[in-house]
Amino acid sequence: MINKVTNRRKFLKKMAAASAMTAAAALFPGIIFAKEQIQGIKSSASLKWNKAPCRFCGVGCGVLIGTENGKAIAVKGDPNSSVNKGLCCVKGYHQTICMYAQDRLTKPLVKKNGKYVETSMEEALDLVASKMKETIEKHGKDSVAMYTSGQSTIPEGYVASKFMKGAIGTNNLDCNARLCMASAVTGFLTSFGADEPMGCYEDIDHADIFITWGNNMAEMHPVLFSRMLDQRLKKNVKIIDFATRTTRSSMASDKSILFKPQTDLAVANAIAYEIINNGWMNEEFVNEHCNFNKGLTNIGYGTEDKFKFKDKPEKIDFASYKEFLKDYTPEKVSKLSGVSVKDIKYLANLYGDPNKKVVSFWCMGMNQHTRGTWINNLVYNIHLLTGKISQPGNGPFSLTGQPSACGTAREVGTFTHKLPHGVVMNEKDREHAAKIWKVPVERIPSKPTYHATEMFRALDRGDIKFIWTQVTNPMVSLPKVSRYTKGAEKPDRFVVVSDVFPTPTSDVADVILPAAWHIEKSGMYGNSERRTQYWDKMVDPPGEAMADAWQTIEVARRMGYGDLFPYSKEKHEEEIYNEYRLHHVGKKHNMAPLEVLKSQAGAMWPFVDGKETKWRYNAKFDPACDNGKKFHFYGKKDGRAIIWQRPYEAPAESPDNEYPFWLNTGRVIEHWHTGSMTRRIPVLHQAMPHSYVELHPDDAVKYNISNGQKVKVISRRGTTILPASINERGLPTKGQVFVPFFDENMMINDVTLDAFCPISKEPDYKKCAVKIEKV
């Protein structure tokens, strides 16, 4: 077997070698150099600098990459970027170092007799195309699937969608953004009829109050959090942390309020109750711009295969909604949630004060939730009831975790139900896509197939025989992951993995295709504030590594679909983007032309008459508003947003006598997602070399556990062993443990539960029952 694959874990364990970052930083302040390349650099002026968005999270910071002699040498923040204004986080500054990791994939690998054998890219692509074609001939077009990523560039996502839905004719395309952002999507769609935030990061400069709902922004979105802290230095701004554990964000906030897992639903309703009960509702706004709806209740959790659910919205009136809220008085909710009556009233007062501008921020805490759509709706309710929405400094803001979860997964539409414009269930949307793609409309199926969790269940069952993953590591990131690892290794399955590094996902592959990294190709990302950003290719990929979009195009051509992919290799990213823009013509979602994206640090859509739209649905700022009113929620036919009646419902699994602890999972500032990139950056790996399990000190005493001692975390699904962390970075409440998921050697997703929101199909990684044992 090729050493790159078999020695991955050994390589990662040796990554604690000291780096030369400090010396380089002293020579050239504000620039981080890769230690392997700093020798011989006399002046930063000798470098060629090019702009790009950061490779990591969904904030979309602008960076400048310094190159010399065909290598990426240095990184600094882009002062021309309105996102980060020249600042980067620790991951952003060090991002290019992993490009030169020793185990970088440079040659295609094909598994033969249980061992990986190097082959040429031509032969590997031939094999992928022939195997895909053979599988379709034997088992039908729905036996093949692609699983892509919120890290895919816009061109990569677009050709994947066109290939699967327009060429092959299957909706077996989904992406890892299903695991992190799907509840945000369904929340926006059900409340407003259109996806993505109505505001932008400039809201930070105008707000008086920031309320973070289950979001450790200090570590997950540190650049945005630093902007909030900067505002607090300038004026009387308050930051309120509303969470289930104490984090670095809690410590930096003005106030931290802890709630019991899942009870954010009840607290949000209690805030709405208080707003109405105290006369703080903006009656003019609600009467003019809102409707009231309710949906089905007791909707299940999706833990069984082939789970189906469809909500049935029903209109109600304000009186019915007000009556419903009587079950959510602060006194009742306090007993359920553990939040004091005083703190519930305090939160309601902040939202209800007409003289205070409020921004709500959230990310995985609300989205990775068995009622993720509901809790998104409920926070929107608060902003709609008070009229604090679509205005500078007033608005709800769902942050994203991946660099193009918005631009690619949500806008291009790499979900099973999505098209670049609209959804597969809508005949006009299918006709729209078919016309641009130049395919018969009948080829695009009208029914979605598998969302992410169900896609890998189908692979395990054998309904899917062939799967191709790009730019993602599902054999670490999926919940209850051991089932899917075993499913992928069954003898009649064929797995293709495109990646930059070997991972546990490539370990189960039949073919591994080496991919080009971020700046080894041109591309576009779309960040959390609807900002599309372009970058040029800066260096060549090593060996035979190839951009994912071009891999897809080459396979499509080999399968006989070349006429649908007439792009040139040299300019395919630009040609694809220009075609993609045709899907969004119009004032509601017009994309900035390529020349604009090349000339500046991105542009927000809708881009109309040469200007970006900062606040949607507000007639002062949004040229798409045409109903003659101050606000126009044009995603809905009647132009009115919906306030949803959504109750509290318990989680899929709660602690009991046998499994007495809550398990919560998440990230740390040093590492990104499954760690496949950041663990190959020595300074980051040295700072956080392995995962851990956080315990409350009282629980540690009860179990006689000290810092660093090994602890086994056990659920009904699996186990993992980690060192204990007590009173270090974070502090869970009694009866709760927290584990970051970046460490493939301590696989916490063997333990997690594959329950999901029935509307969004996004799994809940924040709540399941476990027990612990001292090892």
# chains A, B, ... in the order shown; residues from 1 in each chain; ligands from 1
>>> residues_around(residues="Asn50 in chain A", least_positions_apart="5", cutoff="8 Å", atoms="only C-alpha atoms", output="VMD selection string")
chain A and resid 64 to 66 535 to 536 538
>>> write_last_selection(atoms="C-alpha atoms", output="tab-separated table (two decimals), in the first residue's frame")
chain	number	residue	atom	x	y	z
A	64	LEU	CA	-3.28	38.47	0.34
A	65	ILE	CA	-1.08	35.51	-0.62
A	66	GLY	CA	2.60	36.14	-1.24
A	535	TRP	CA	-9.36	34.68	-6.92
A	536	ASP	CA	-6.87	33.83	-9.64
A	538	MET	CA	-1.45	31.60	-8.05
>>> residues_around(residues="range 475-481 of chain A", least_positions_apart="4", cutoff="9 Å", atoms="only C-alpha atoms", output="MDAnalysis selection string")
chainID A and resid 176 179 452:453 456 485:486 503:506 508 673:674 717:718 741:744 747:755 763:765
>>> select_by_dssp(residues="range 341-410 of chain A", states="alpha helix (DSSP H)", output="PyMOL selection string")
chain A and resi 341-352+364-367+372-386
>>> write_last_selection(atoms="N, CA, C and O atoms", output="compact mmCIF listing (two decimals), in the first residue's frame")
# COMPACT_ATOMS: atom_id res chain seq x y z
N VAL A 341 -36.23 33.68 35.68
CA VAL A 341 -37.29 34.57 35.21
C VAL A 341 -36.70 35.95 34.90
O VAL A 341 -37.02 36.58 33.88
N LYS A 342 -35.81 36.38 35.75
CA LYS A 342 -35.18 37.70 35.57
C LYS A 342 -34.42 37.77 34.25
O LYS A 342 -34.50 38.77 33.53
N ASP A 343 -33.68 36.72 33.92
CA ASP A 343 -32.89 36.74 32.68
C ASP A 343 -33.78 36.64 31.45
O ASP A 343 -33.47 37.23 30.40
N ILE A 344 -34.88 35.88 31.52
CA ILE A 344 -35.81 35.83 30.39
C ILE A 344 -36.40 37.22 30.14
O ILE A 344 -36.47 37.70 29.00
N LYS A 345 -36.80 37.88 31.22
CA LYS A 345 -37.35 39.22 31.09
C LYS A 345 -36.28 40.21 30.59
O LYS A 345 -36.58 41.13 29.82
N TYR A 346 -35.04 40.00 31.00
CA TYR A 346 -33.94 40.85 30.56
C TYR A 346 -33.75 40.73 29.05
O TYR A 346 -33.64 41.75 28.34
N LEU A 347 -33.72 39.51 28.54
CA LEU A 347 -33.57 39.30 27.10
C LEU A 347 -34.72 39.94 26.34
O LEU A 347 -34.52 40.60 25.31
N ALA A 348 -35.94 39.73 26.83
CA ALA A 348 -37.11 40.30 26.16
C ALA A 348 -37.04 41.82 26.14
O ALA A 348 -37.40 42.47 25.15
N ASN A 349 -36.55 42.40 27.22
CA ASN A 349 -36.44 43.86 27.30
C ASN A 349 -35.43 44.40 26.29
O ASN A 349 -35.65 45.45 25.67
N LEU A 350 -34.33 43.67 26.09
CA LEU A 350 -33.34 44.10 25.11
C LEU A 350 -33.95 44.13 23.71
O LEU A 350 -33.75 45.08 22.95
N TYR A 351 -34.67 43.06 23.36
CA TYR A 351 -35.32 43.02 22.05
C TYR A 351 -36.45 44.04 21.97
O TYR A 351 -36.70 44.64 20.91
N GLY A 352 -37.17 44.23 23.07
CA GLY A 352 -38.36 45.07 23.04
C GLY A 352 -38.10 46.55 23.10
O GLY A 352 -38.98 47.35 22.74
N MET A 364 -23.99 26.75 14.57
CA MET A 364 -24.35 25.34 14.72
C MET A 364 -25.27 25.05 15.91
O MET A 364 -26.04 24.10 15.87
N GLY A 365 -25.21 25.87 16.96
CA GLY A 365 -26.03 25.59 18.13
C GLY A 365 -27.51 25.55 17.80
O GLY A 365 -28.26 24.73 18.33
N MET A 366 -27.94 26.45 16.92
CA MET A 366 -29.34 26.46 16.50
C MET A 366 -29.60 25.56 15.30
O MET A 366 -30.69 25.00 15.16
N ASN A 367 -28.63 25.44 14.42
CA ASN A 367 -28.86 24.70 13.18
C ASN A 367 -28.75 23.19 13.36
O ASN A 367 -29.54 22.43 12.79
N GLY A 372 -34.28 22.31 14.34
CA GLY A 372 -33.47 23.42 13.85
C GLY A 372 -34.26 24.44 13.06
O GLY A 372 -34.06 25.65 13.20
N THR A 373 -35.17 23.98 12.21
CA THR A 373 -36.01 24.92 11.46
C THR A 373 -36.85 25.74 12.41
O THR A 373 -36.99 26.97 12.26
N TRP A 374 -37.41 25.08 13.43
CA TRP A 374 -38.28 25.77 14.38
C TRP A 374 -37.54 26.86 15.13
O TRP A 374 -38.06 27.97 15.28
N ILE A 375 -36.35 26.56 15.65
CA ILE A 375 -35.66 27.57 16.46
C ILE A 375 -35.22 28.74 15.58
O ILE A 375 -35.23 29.90 16.01
N ASN A 376 -34.87 28.49 14.32
CA ASN A 376 -34.62 29.59 13.39
C ASN A 376 -35.88 30.44 13.25
O ASN A 376 -35.84 31.67 13.34
N ASN A 377 -37.02 29.80 13.01
CA ASN A 377 -38.29 30.53 12.91
C ASN A 377 -38.55 31.38 14.15
O ASN A 377 -39.00 32.53 14.05
N LEU A 378 -38.30 30.80 15.33
CA LEU A 378 -38.64 31.49 16.58
C LEU A 378 -37.78 32.74 16.81
O LEU A 378 -38.28 33.73 17.35
N VAL A 379 -36.52 32.70 16.40
CA VAL A 379 -35.69 33.90 16.52
C VAL A 379 -36.13 34.95 15.50
O VAL A 379 -36.16 36.15 15.80
N TYR A 380 -36.51 34.51 14.30
CA TYR A 380 -37.07 35.45 13.33
C TYR A 380 -38.35 36.07 13.88
O TYR A 380 -38.61 37.26 13.68
N ASN A 381 -39.17 35.27 14.58
CA ASN A 381 -40.40 35.81 15.18
C ASN A 381 -40.09 37.02 16.05
O ASN A 381 -40.79 38.04 16.01
N ILE A 382 -39.05 36.90 16.87
CA ILE A 382 -38.70 37.99 17.80
C ILE A 382 -38.38 39.26 17.04
O ILE A 382 -38.83 40.36 17.39
N HIS A 383 -37.61 39.13 15.97
CA HIS A 383 -37.24 40.30 15.18
C HIS A 383 -38.43 40.86 14.40
O HIS A 383 -38.55 42.08 14.22
N LEU A 384 -39.32 39.98 13.95
CA LEU A 384 -40.50 40.46 13.23
C LEU A 384 -41.49 41.13 14.17
O LEU A 384 -42.07 42.18 13.84
N LEU A 385 -41.69 40.57 15.34
CA LEU A 385 -42.62 41.17 16.31
C LEU A 385 -42.19 42.58 16.71
O LEU A 385 -43.03 43.45 16.96
N THR A 386 -40.89 42.80 16.77
CA THR A 386 -40.38 44.11 17.18
C THR A 386 -40.05 45.01 15.99
O THR A 386 -39.69 46.18 16.17
>>> residues_around(residues="Ser522 in chain A", least_positions_apart="2", cutoff="10 Å", atoms="only C-alpha atoms", output="VMD selection string")
chain A and resid 52 153 155 517 to 520 524 534 to 538 547 570 to 574
>>> select_by_dssp(residues="range 211-402 of chain A", states="strand (DSSP E)", output="ChimeraX atom specification")
/A:211-213,238-243,245-246,255-258,290-294,314-316,358-362,395-398
>>> closest_residue(among="A:Pro514, A:Pro403, A:Pro448, A:Gly387", to="Leu125 in chain A", atoms="only C-alpha atoms")
A:Pro514
>>> closest_residue(among="A:Gln645, A:Gln402, A:Asn278, A:Gln551", to="Ile316 in chain A", atoms="only C-alpha atoms")
A:Gln645
>>> closest_residue(among="A:Gly169, A:Pro53, A:Gly586, A:Pro445", to="His417 in chain A", atoms="only C-alpha atoms")
A:Pro445
>>> closest_residue(among="A:Glu156, A:Asp327, A:Glu274, A:Asp540", to="Ile576 in chain A", atoms="only C-alpha atoms")
A:Glu156
>>> atom_distance(atom1="CA of Val333 in chain A", atom2="CA of Asn355 in chain A")
26.8 Å
>>> closest_atom_pairs(of="range 184-302 of chain A", to="range 84-90 of chain A", cutoff="9 Å", atoms="only C-alpha atoms", output="CSV")
residue,atom,partner,partner_atom,distance
A:His221,CA,A:Cys89,CA,8.7
A:Pro222,CA,A:Cys89,CA,6.5
A:Val223,CA,A:Cys89,CA,6.3
A:Leu224,CA,A:Asn84,CA,7.6
A:Arg227,CA,A:Asn84,CA,8.3
>>> write_last_selection(atoms="N, CA, C and O atoms", output="compact mmCIF listing (two decimals), in the first residue's frame")
# COMPACT_ATOMS: atom_id res chain seq x y z
N HIS A 221 -15.88 32.22 14.95
CA HIS A 221 -15.89 33.35 14.02
C HIS A 221 -15.11 34.51 14.67
O HIS A 221 -15.67 35.58 14.93
N PRO A 222 -13.83 34.29 14.95
CA PRO A 222 -13.08 35.24 15.79
C PRO A 222 -12.93 36.63 15.19
O PRO A 222 -12.86 37.61 15.92
N VAL A 223 -12.86 36.73 13.87
CA VAL A 223 -12.70 38.05 13.27
C VAL A 223 -13.97 38.88 13.47
O VAL A 223 -13.90 40.08 13.80
N LEU A 224 -15.14 38.27 13.28
CA LEU A 224 -16.39 39.00 13.52
C LEU A 224 -16.53 39.35 15.00
O LEU A 224 -16.99 40.44 15.36
N ARG A 227 -14.59 42.32 15.83
CA ARG A 227 -15.26 43.54 15.40
C ARG A 227 -16.31 43.97 16.43
O ARG A 227 -16.49 45.17 16.68
>>> atom_distance(atom1="CA of Lys76 in chain A", atom2="CA of Tyr93 in chain A")
6.3 Å
>>> atom_distance(atom1="CA of Thr449 in chain A", atom2="CA of Asn172 in chain A")
5.9 Å
>>> residues_around(residues="Arg530 in chain A", least_positions_apart="2", cutoff="7 Å", atoms="only C-alpha atoms", output="VMD selection string")
chain A and resid 526 to 528 532 604 to 605
>>> closest_residue(among="A:Leu419, A:Leu173, A:Ile759, A:Leu296", to="Pro313 in chain A", atoms="only C-alpha atoms")
A:Leu296
>>> decode(residues="range 80-112 of chain A", atoms="N, CA, C and O atoms", output="compact mmCIF listing (two decimals), in the first residue's frame")
# COMPACT_ATOMS: atom_id res chain seq x y z
N ASN A 80 -8.07 45.97 2.09
CA ASN A 80 -9.17 46.44 1.23
C ASN A 80 -10.45 45.63 1.40
O ASN A 80 -11.46 45.96 0.79
N SER A 81 -10.40 44.58 2.21
CA SER A 81 -11.59 43.76 2.43
C SER A 81 -12.44 44.37 3.53
O SER A 81 -11.97 44.58 4.65
N SER A 82 -13.70 44.64 3.22
CA SER A 82 -14.61 45.19 4.24
C SER A 82 -14.98 44.15 5.28
O SER A 82 -15.51 44.49 6.34
N VAL A 83 -14.71 42.88 4.98
CA VAL A 83 -15.05 41.80 5.91
C VAL A 83 -14.16 41.85 7.14
O VAL A 83 -14.63 41.90 8.28
N ASN A 84 -12.86 41.82 6.94
CA ASN A 84 -11.90 41.70 8.05
C ASN A 84 -10.96 42.87 8.19
O ASN A 84 -10.21 42.96 9.16
N LYS A 85 -10.95 43.77 7.19
CA LYS A 85 -10.19 45.02 7.28
C LYS A 85 -8.72 44.79 7.64
O LYS A 85 -8.13 45.52 8.44
N GLY A 86 -8.14 43.75 7.05
CA GLY A 86 -6.72 43.47 7.24
C GLY A 86 -6.38 42.50 8.34
O GLY A 86 -5.22 42.11 8.48
N LEU A 87 -7.38 42.08 9.11
CA LEU A 87 -7.13 41.16 10.23
C LEU A 87 -7.45 39.72 9.81
O LEU A 87 -8.37 39.48 9.03
N CYS A 88 -6.69 38.77 10.33
CA CYS A 88 -7.01 37.35 10.14
C CYS A 88 -6.97 36.65 11.49
O CYS A 88 -6.38 37.16 12.45
N CYS A 89 -7.56 35.47 11.55
CA CYS A 89 -7.42 34.64 12.74
C CYS A 89 -6.20 33.74 12.58
O CYS A 89 -5.54 33.74 11.54
N VAL A 90 -5.92 32.96 13.61
CA VAL A 90 -4.71 32.13 13.59
C VAL A 90 -4.73 31.13 12.44
O VAL A 90 -3.69 30.82 11.85
N LYS A 91 -5.89 30.60 12.09
CA LYS A 91 -5.97 29.66 10.97
C LYS A 91 -5.72 30.37 9.65
O LYS A 91 -5.03 29.86 8.76
N GLY A 92 -6.31 31.56 9.51
CA GLY A 92 -6.16 32.30 8.27
C GLY A 92 -4.73 32.66 7.96
O GLY A 92 -4.26 32.52 6.82
N TYR A 93 -3.99 33.09 8.97
CA TYR A 93 -2.60 33.49 8.75
C TYR A 93 -1.72 32.31 8.31
O TYR A 93 -0.74 32.48 7.60
N HIS A 94 -2.07 31.11 8.76
CA HIS A 94 -1.20 29.95 8.51
C HIS A 94 -1.71 29.02 7.41
O HIS A 94 -1.17 27.94 7.21
N GLN A 95 -2.74 29.44 6.69
CA GLN A 95 -3.47 28.50 5.84
C GLN A 95 -2.65 27.83 4.75
O GLN A 95 -2.89 26.67 4.42
N THR A 96 -1.69 28.52 4.14
CA THR A 96 -1.01 27.92 2.99
C THR A 96 0.03 26.87 3.38
O THR A 96 0.50 26.12 2.52
N ILE A 97 0.37 26.79 4.65
CA ILE A 97 1.44 25.88 5.07
C ILE A 97 1.07 24.42 4.79
O ILE A 97 1.92 23.61 4.40
N CYS A 98 -0.21 24.09 4.94
CA CYS A 98 -0.59 22.69 4.73
C CYS A 98 -0.43 22.24 3.28
O CYS A 98 -0.35 21.03 3.00
N MET A 99 -0.34 23.18 2.34
CA MET A 99 -0.15 22.82 0.94
C MET A 99 1.11 21.98 0.73
O MET A 99 1.19 21.20 -0.21
N TYR A 100 2.08 22.17 1.62
CA TYR A 100 3.38 21.52 1.43
C TYR A 100 3.60 20.40 2.45
O TYR A 100 4.74 20.04 2.73
N ALA A 101 2.50 19.86 2.97
CA ALA A 101 2.61 18.73 3.88
C ALA A 101 3.24 17.53 3.18
O ALA A 101 3.08 17.32 1.97
N GLN A 102 3.96 16.72 3.96
CA GLN A 102 4.71 15.60 3.38
C GLN A 102 3.81 14.56 2.72
O GLN A 102 4.24 13.87 1.80
N ASP A 103 2.57 14.42 3.22
CA ASP A 103 1.72 13.37 2.68
C ASP A 103 0.70 13.89 1.68
O ASP A 103 -0.34 13.27 1.46
N ARG A 104 0.99 15.02 1.05
CA ARG A 104 0.10 15.59 0.04
C ARG A 104 -0.14 14.57 -1.08
O ARG A 104 0.79 13.91 -1.57
N LEU A 105 -1.39 14.43 -1.49
CA LEU A 105 -1.74 13.53 -2.59
C LEU A 105 -1.34 14.19 -3.91
O LEU A 105 -1.79 15.30 -4.20
N THR A 106 -0.53 13.50 -4.69
CA THR A 106 -0.06 14.06 -5.96
C THR A 106 -0.31 13.14 -7.15
O THR A 106 -0.22 13.59 -8.29
N LYS A 107 -0.59 11.86 -6.89
CA LYS A 107 -0.84 10.89 -7.95
C LYS A 107 -2.14 10.15 -7.65
O LYS A 107 -2.44 9.85 -6.50
N PRO A 108 -2.93 9.84 -8.70
CA PRO A 108 -4.12 9.03 -8.47
C PRO A 108 -3.74 7.65 -7.93
O PRO A 108 -2.70 7.09 -8.30
N LEU A 109 -4.59 7.13 -7.06
CA LEU A 109 -4.38 5.82 -6.46
C LEU A 109 -5.61 4.96 -6.73
O LEU A 109 -6.75 5.40 -6.53
N VAL A 110 -5.37 3.74 -7.16
CA VAL A 110 -6.45 2.79 -7.42
C VAL A 110 -6.22 1.56 -6.56
O VAL A 110 -5.11 1.03 -6.49
N LYS A 111 -7.27 1.13 -5.88
CA LYS A 111 -7.15 -0.03 -5.00
C LYS A 111 -7.21 -1.31 -5.83
O LYS A 111 -8.19 -1.55 -6.56
N LYS A 112 -6.18 -2.13 -5.72
CA LYS A 112 -6.11 -3.41 -6.42
C LYS A 112 -5.68 -4.48 -5.43
O LYS A 112 -4.62 -4.36 -4.83
